[in-house]
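Here's the structure we're looking at; comments come further down.
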Amino acid sequence: MTEETTETTTEATGHDDVRHSEKMAKKKAARDKIMATKTGEKGLIIVHTGKGKGKSSSAFGMIFRHIAHGKPSAVVQFIKGAMWTGERDLIEKHFSEICQFHTMGEGFTWETQDRARDVAAAGAAWEKAKELIRDERNSMVLLDEINIALRYDYIDINEVVEFLRTEKPYMTHVVLTGRNAKDELIEVADLVTEMELIKHPFRSGIKGQAGVEF
């Protein structure tokens, strides 16, 4: 490469850097203008649904954020009670003073094979959930896999929606997870994320593994 070519390349790179800086400055100014209008705060109704993996994992990420900020929180597990999970073990061993953990389910519906028992367990879990949500000391309450209980009509969706609309304290966040979230719940929610399944190792014969699934 000749000296002239090198100078030309350097000059072009310099122009690119200037254009990039100017473009980013404009983006920042536009972003700052938007952010200046976002001043409100409220407790959110958050729904994680869809066939993809990550619904509970994401919800527990928010619970651990609350713990890190010193904000009291609580978890009610509607389905996974029969199995050990790393999240439950960690919270109960190290953070029980700031995060209540209530395992109310008895396993997935195909394991219990007893509808009356499943309905009773879901009903008890919902009563505990209401108690925890009403307690304004809790900044966030996670209702893990409640959407499964709602899907099978173990709990009345209309009762859940009405409670969230009328009894949830204004600044309390409530997170509801599980696939097949009902339309009524999506309608009342402030934030809804659908996890899309693209690939999953289960289809290739790989079982659920500690640290990934539980």
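Ordering of the structure tokens sets the chain letters (A, B, ...); residue numbers start at 1 within each chain; ligands are numbered from 1 in the order shown.
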
(request) Excluding segment 129-132 of chain A and any residue of its chain fewer than 2 positions from it, enumerate the residues within 12 Å of it, using only C-alpha atoms, and give them as a ChimeraX atom specification. (result) /A:72-78,99-104,122-127,134-144,146,159-164,166-169,172-176

(request) Write down as a ChimeraX atom specification the residues belonging to segment 76-180 of chain A that are assigned strand (DSSP E or B) by DSSP computed on the backbone. (result) /A:76-77,99-103,140-144,173-177

Can you write just those residues out, C-alpha atoms, as a tab-separated table (two decimals), in the first residue's frame?
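Saved result, selection_2.tsv, follows:
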```
chain	number	residue	atom	x	y	z
A	76	VAL	CA	-45.88	-19.03	45.20
A	77	GLN	CA	-45.29	-22.12	43.08
A	99	CYS	CA	-38.21	-13.41	50.12
A	100	GLN	CA	-40.96	-15.77	51.24
A	101	PHE	CA	-41.15	-19.00	49.25
A	102	HIS	CA	-44.31	-21.12	49.25
A	103	THR	CA	-44.40	-24.36	47.30
A	140	MET	CA	-43.09	-8.20	44.06
A	141	VAL	CA	-45.04	-11.47	44.18
A	142	LEU	CA	-44.28	-14.22	41.67
A	143	LEU	CA	-47.08	-16.68	40.87
A	144	ASP	CA	-45.06	-19.39	39.18
A	173	HIS	CA	-45.59	-5.94	41.06
A	174	VAL	CA	-47.22	-9.31	40.30
A	175	VAL	CA	-45.59	-11.75	37.89
A	176	LEU	CA	-47.62	-14.64	36.47
A	177	THR	CA	-45.89	-17.40	34.48
```

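Considering the residues A:Asp190, A:Asp16, A:Gln209, A:Arg151 and counting only C-alpha atoms, Gly43 of chain A has its shortest atom-to-atom contact with A:Asp190.
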
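Nearest to Glu97 of chain A of all the residues A:Ala121, A:Met195, A:Leu150, A:Ile67 is A:Ile67, counting only C-alpha atoms.
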
(message) From a backbone DSSP assignment, name each residue in segment 88-175 of chain A labelled alpha helix (DSSP H), as a ChimeraX atom specification.
(response) /A:88-94,109-112,115-134,146-151,157-166

Save out the residues we just selected, C-alpha atoms, as an mmCIF file, in the first residue's frame.
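Contents of out.cif, as written:
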```
data_model
loop_
_atom_site.group_PDB
_atom_site.id
_atom_site.type_symbol
_atom_site.label_atom_id
_atom_site.label_comp_id
_atom_site.auth_asym_id
_atom_site.auth_seq_id
_atom_site.Cartn_x
_atom_site.Cartn_y
_atom_site.Cartn_z
ATOM 1 C CA ARG A 88 -36.020 -22.474 45.882
ATOM 2 C CA ASP A 89 -32.943 -23.932 47.554
ATOM 3 C CA LEU A 90 -30.954 -20.711 47.149
ATOM 4 C CA ILE A 91 -33.737 -18.446 48.397
ATOM 5 C CA GLU A 92 -34.679 -20.617 51.359
ATOM 6 C CA LYS A 93 -31.057 -21.042 52.446
ATOM 7 C CA HIS A 94 -29.813 -17.496 51.986
ATOM 8 C CA THR A 109 -51.326 -32.592 36.393
ATOM 9 C CA TRP A 110 -50.388 -35.772 34.549
ATOM 10 C CA GLU A 111 -48.415 -36.889 37.611
ATOM 11 C CA THR A 112 -51.137 -36.441 40.247
ATOM 12 C CA ARG A 115 -58.425 -33.410 39.500
ATOM 13 C CA ALA A 116 -60.038 -32.836 42.897
ATOM 14 C CA ARG A 117 -56.621 -32.838 44.529
ATOM 15 C CA ASP A 118 -55.205 -30.492 41.901
ATOM 16 C CA VAL A 119 -58.121 -28.083 42.313
ATOM 17 C CA ALA A 120 -57.680 -28.070 46.088
ATOM 18 C CA ALA A 121 -53.929 -27.438 45.808
ATOM 19 C CA ALA A 122 -54.418 -24.626 43.292
ATOM 20 C CA GLY A 123 -57.106 -23.064 45.442
ATOM 21 C CA ALA A 124 -54.838 -23.101 48.491
ATOM 22 C CA ALA A 125 -52.021 -21.580 46.425
ATOM 23 C CA TRP A 126 -54.336 -18.800 45.197
ATOM 24 C CA GLU A 127 -55.430 -17.995 48.755
ATOM 25 C CA LYS A 128 -51.776 -17.707 49.800
ATOM 26 C CA ALA A 129 -51.059 -15.572 46.729
ATOM 27 C CA LYS A 130 -53.837 -13.138 47.623
ATOM 28 C CA GLU A 131 -52.540 -12.870 51.167
ATOM 29 C CA LEU A 132 -49.024 -12.067 49.962
ATOM 30 C CA ILE A 133 -50.192 -9.564 47.328
ATOM 31 C CA ARG A 134 -52.383 -7.728 49.833
ATOM 32 C CA ILE A 146 -50.352 -20.139 37.682
ATOM 33 C CA ASN A 147 -51.272 -20.077 33.993
ATOM 34 C CA ILE A 148 -51.359 -23.878 33.984
ATOM 35 C CA ALA A 149 -53.840 -23.878 36.869
ATOM 36 C CA LEU A 150 -55.905 -21.273 35.034
ATOM 37 C CA ARG A 151 -55.762 -23.215 31.776
ATOM 38 C CA ILE A 157 -59.809 -16.571 35.677
ATOM 39 C CA ASN A 158 -62.468 -13.949 36.330
ATOM 40 C CA GLU A 159 -61.728 -13.999 40.050
ATOM 41 C CA VAL A 160 -57.993 -13.617 39.396
ATOM 42 C CA VAL A 161 -58.485 -10.693 37.005
ATOM 43 C CA GLU A 162 -60.940 -8.948 39.321
ATOM 44 C CA PHE A 163 -58.562 -9.324 42.263
ATOM 45 C CA LEU A 164 -55.647 -7.892 40.296
ATOM 46 C CA ARG A 165 -57.775 -4.978 39.131
ATOM 47 C CA THR A 166 -59.328 -4.067 42.462
#
```
